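Below you'll find the structure, written out as structure tokens, and then a few comments.
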Amino acid sequence: MTVASPLETELRVFEDNRREWVQLCPGKFVVIQGETVLKEFFDEYEDAFRAGIRRFGADRNFLIKQVWKTEPVYFVA
Amino acid sequence: MVTFTLPWDPFDPTDPGACIKFSVARYVDDIEYGKHIGLEFPEPPRPTTLIDTGSPFTIINKVLAKTCNLILTNPAFPIRTLNGDCPCEEYCGSMSFPESGLPRIPAMRILAREFYKESSYACIIGRDVLKRWKITFDPDAKSVTIIA
């Protein structure tokens, strides 16, 4: 039996929609829980989180991803 | 406005850097609601964190993120260090700075990874927190002052 990775479904939903969302709202944050995607996109991570809590509650994880064509890599020194 | 001064000797090569006590917890509104319905929340641990202008994000020990039951928002946030790529888990939580008087941050992105062989601190505070403070270093007094 294989165990699903955390937020595996949500990451698949994001990848399935990435191309479309890049056209619509590049740089904004999207919130996904299971197959459910919040209709609103957000400028700030914290606003996306609060919206996720309101919609999905605090009992389960949900994905917050910034919409980019290619994933940026952040350097930590 | 709050002013907090902490000692730091940058001329001591064994000094890990300017450090401050912190605690991390779930989103503040979540805790308040839990208390309202009778849940108990133990006091979170108060480890030491390094003030790190070289990091754009705040990163904590992964064990701490699990212990504090933070909400996972991304299992593989892309980070690169001098040692190469190092994906972190991304959580949302609140952050406090006990005994400093510095204001609590009610909700923020907190990255988490293993801190191998690092015994001096359990977290690095990145520019996402530092941008909220005015920080000065006094080499004569060997101290760092934070104004928030």
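Ordered as shown in the structure tokens, chains take letters A, B, and onward, while each chain numbers its residues from 1 and ligands are numbered from 1 in the order shown.
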
7 Å contact set for Phe29 of chain A, only C-alpha atoms, chain neighbours under 6 positions out, as number ranges by chain: A: 41-45, 48, 64-67

Return as a PyMOL selection string the full set of residues in chain A whose backbone-based DSSP assignment is strand (DSSP E or B). chain A and resi 29-33+36-37+42+63-66+74-75

Selection to disk with N, CA and C atoms, as a compact mmCIF listing (two decimals), in the first residue's frame:
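In the end it all went to again19.txt:
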# COMPACT_ATOMS: atom_id res chain seq x y z
N PHE A 29 -1.32 34.47 -4.87
CA PHE A 29 -1.38 33.23 -4.11
C PHE A 29 -2.73 32.56 -4.29
N VAL A 30 -2.69 31.24 -4.50
CA VAL A 30 -3.92 30.45 -4.64
C VAL A 30 -4.00 29.48 -3.46
N VAL A 31 -5.21 29.16 -3.04
CA VAL A 31 -5.44 28.25 -1.91
C VAL A 31 -6.22 27.04 -2.41
N ILE A 32 -5.69 25.84 -2.10
CA ILE A 32 -6.30 24.59 -2.58
C ILE A 32 -6.39 23.60 -1.42
N GLN A 33 -7.57 22.98 -1.27
CA GLN A 33 -7.71 21.88 -0.30
C GLN A 33 -8.42 20.73 -1.02
N THR A 36 -10.69 21.25 -4.12
CA THR A 36 -11.36 22.55 -4.01
C THR A 36 -10.36 23.70 -4.11
N VAL A 37 -10.66 24.63 -4.99
CA VAL A 37 -9.80 25.81 -5.17
C VAL A 37 -10.59 27.05 -4.79
N PHE A 42 -4.82 35.91 -4.02
CA PHE A 42 -4.42 36.87 -2.99
C PHE A 42 -3.04 37.45 -3.29
N LEU A 63 -3.03 23.73 0.70
CA LEU A 63 -1.89 24.23 -0.06
C LEU A 63 -2.04 25.73 -0.35
N ILE A 64 -0.96 26.48 -0.13
CA ILE A 64 -0.90 27.87 -0.58
C ILE A 64 0.29 27.96 -1.55
N LYS A 65 0.02 28.32 -2.78
CA LYS A 65 1.10 28.40 -3.78
C LYS A 65 1.03 29.73 -4.52
N GLN A 66 2.20 30.31 -4.73
CA GLN A 66 2.28 31.51 -5.55
C GLN A 66 2.35 31.08 -7.00
N TYR A 74 14.75 30.30 -3.88
CA TYR A 74 15.19 31.39 -3.02
C TYR A 74 16.51 31.02 -2.35
N PHE A 75 17.46 31.95 -2.37
CA PHE A 75 18.79 31.67 -1.83
C PHE A 75 18.89 32.09 -0.37

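Across the model, the gap from atom CA of Arg104 of chain B to atom CA of Ala76 of chain B is 26.5 Å.
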
Within 10 Å of chain B, which residues belong to chain A? Use only C-alpha atoms and report them as a count of residues only. 32

Helix (DSSP H, G or I) residues, from DSSP on the backbone, in chain B, as JSON, numbers by chain: {"B": [28, 29, 30, 31, 32, 33, 34, 35, 36, 62, 63, 64, 65, 66, 67, 127, 128, 129, 130]}

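Of the residues under consideration (B:Ser100, B:Cys88, B:Ile51, B:Glu40), B:Ile51 shows the shortest atom-to-atom contact distance to Val129 of chain B when counting only C-alpha atoms.
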
Separation of atom CA of Ala148 of chain B from atom CA of Leu102 of chain B in Å: 6.4 Å

Can you tell me, as a list in words, what residues are no more than 10 Å from Phe11 of chain B when counting only C-alpha atoms, ignoring any on the same chain fewer than 3 positions away? Trp8, Thr14, Asp15, Pro139 and Lys142 of chain B

Using all heavy atoms, can you export the residues from the last selection as a JSON list (two decimals), in the first residue's frame?
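So selection.json came out as:
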[["chain", "number", "residue", "atom", "x", "y", "z"],
["B", 8, "TRP", "N", 25.88, 41.03, 21.77],
["B", 8, "TRP", "CA", 26.47, 40.28, 20.65],
["B", 8, "TRP", "C", 27.92, 40.72, 20.47],
["B", 8, "TRP", "O", 28.18, 41.92, 20.34],
["B", 8, "TRP", "CB", 25.69, 40.50, 19.35],
["B", 8, "TRP", "CG", 26.30, 39.78, 18.19],
["B", 8, "TRP", "CD1", 26.80, 38.52, 18.17],
["B", 8, "TRP", "CD2", 26.51, 40.29, 16.86],
["B", 8, "TRP", "NE1", 27.29, 38.20, 16.93],
["B", 8, "TRP", "CE2", 27.12, 39.27, 16.10],
["B", 8, "TRP", "CE3", 26.22, 41.50, 16.24],
["B", 8, "TRP", "CZ2", 27.45, 39.42, 14.76],
["B", 8, "TRP", "CZ3", 26.55, 41.65, 14.90],
["B", 8, "TRP", "CH2", 27.15, 40.62, 14.17],
["B", 14, "THR", "N", 33.90, 32.43, 18.00],
["B", 14, "THR", "CA", 33.05, 31.30, 18.41],
["B", 14, "THR", "C", 31.60, 31.75, 18.64],
["B", 14, "THR", "O", 30.74, 30.92, 18.89],
["B", 14, "THR", "CB", 33.57, 30.67, 19.70],
["B", 14, "THR", "OG1", 33.51, 31.64, 20.76],
["B", 14, "THR", "CG2", 35.01, 30.20, 19.54],
["B", 15, "ASP", "N", 31.36, 33.05, 18.56],
["B", 15, "ASP", "CA", 30.00, 33.56, 18.77],
["B", 15, "ASP", "C", 29.13, 33.18, 17.57],
["B", 15, "ASP", "O", 29.51, 33.45, 16.42],
["B", 15, "ASP", "CB", 30.05, 35.08, 18.93],
["B", 15, "ASP", "CG", 28.73, 35.66, 19.36],
["B", 15, "ASP", "OD1", 27.71, 35.38, 18.69],
["B", 15, "ASP", "OD2", 28.71, 36.40, 20.35],
["B", 139, "PRO", "N", 29.26, 48.58, 18.02],
["B", 139, "PRO", "CA", 30.46, 47.76, 18.21],
["B", 139, "PRO", "C", 31.16, 48.05, 19.54],
["B", 139, "PRO", "O", 31.83, 47.17, 20.09],
["B", 139, "PRO", "CB", 31.33, 48.14, 17.01],
["B", 139, "PRO", "CG", 30.84, 49.46, 16.56],
["B", 139, "PRO", "CD", 29.39, 49.51, 16.91],
["B", 142, "LYS", "N", 29.13, 46.32, 22.09],
["B", 142, "LYS", "CA", 28.93, 44.93, 21.68],
["B", 142, "LYS", "C", 27.47, 44.51, 21.92],
["B", 142, "LYS", "O", 27.18, 43.55, 22.64],
["B", 142, "LYS", "CB", 29.89, 43.99, 22.40],
["B", 142, "LYS", "CG", 31.34, 44.23, 22.02],
["B", 142, "LYS", "CD", 32.28, 43.30, 22.76],
["B", 142, "LYS", "CE", 33.72, 43.60, 22.35],
["B", 142, "LYS", "NZ", 34.70, 42.84, 23.14]]

In Å to one decimal, how far is atom CA of Lys62 of chain B from atom CA of Leu111 of chain B?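 For atom CA of Leu111 of chain B relative to atom CA of Lys62 of chain B, the distance reads 8.4 Å.
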
Excluding Ser119 of chain B and any residue of its chain fewer than 4 positions from it, enumerate the residues within 10 Å of it, using only C-alpha atoms, and give them as a list in words. Pro16, Thr48 and Phe115 of chain B

Same residues, N, CA, C and O atoms, output as an mmCIF file, in the first residue's frame:
data_model
loop_
_atom_site.group_PDB
_atom_site.id
_atom_site.type_symbol
_atom_site.label_atom_id
_atom_site.label_comp_id
_atom_site.auth_asym_id
_atom_site.auth_seq_id
_atom_site.Cartn_x
_atom_site.Cartn_y
_atom_site.Cartn_z
ATOM 1 N N PRO B 16 27.980 32.535 17.781
ATOM 2 C CA PRO B 16 27.164 32.096 16.646
ATOM 3 C C PRO B 16 26.483 33.238 15.900
ATOM 4 O O PRO B 16 26.049 33.076 14.757
ATOM 5 N N THR B 48 16.188 29.401 21.057
ATOM 6 C CA THR B 48 16.952 30.574 20.620
ATOM 7 C C THR B 48 16.946 30.644 19.102
ATOM 8 O O THR B 48 16.995 29.629 18.414
ATOM 9 N N PHE B 115 17.887 20.884 11.324
ATOM 10 C CA PHE B 115 19.063 21.679 11.670
ATOM 11 C C PHE B 115 20.149 20.713 12.130
ATOM 12 O O PHE B 115 20.329 20.482 13.315
#

If you count only C-alpha atoms, which residues fall within 9 Å of Lys69 of chain A, apart from same-chain ones fewer than 4 positions away, as a ChimeraX atom specification? /A:18-19,21-23,26

Just write the chosen residues, C-alpha atoms, as a PDB file, in the first residue's frame.
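Output saved as again_13.pdb:
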ATOM      1  CA  ARG A  18      -0.775  26.391 -13.544  1.00  0.00           C
ATOM      2  CA  ARG A  19      -0.677  27.400 -17.214  1.00  0.00           C
ATOM      3  CA  TRP A  21      -3.520  30.736 -13.756  1.00  0.00           C
ATOM      4  CA  VAL A  22      -0.212  32.186 -14.935  1.00  0.00           C
ATOM      5  CA  GLN A  23      -2.157  33.990 -17.650  1.00  0.00           C
ATOM      6  CA  PRO A  26       0.784  35.790 -12.116  1.00  0.00           C
TER       7      PRO A  26
END
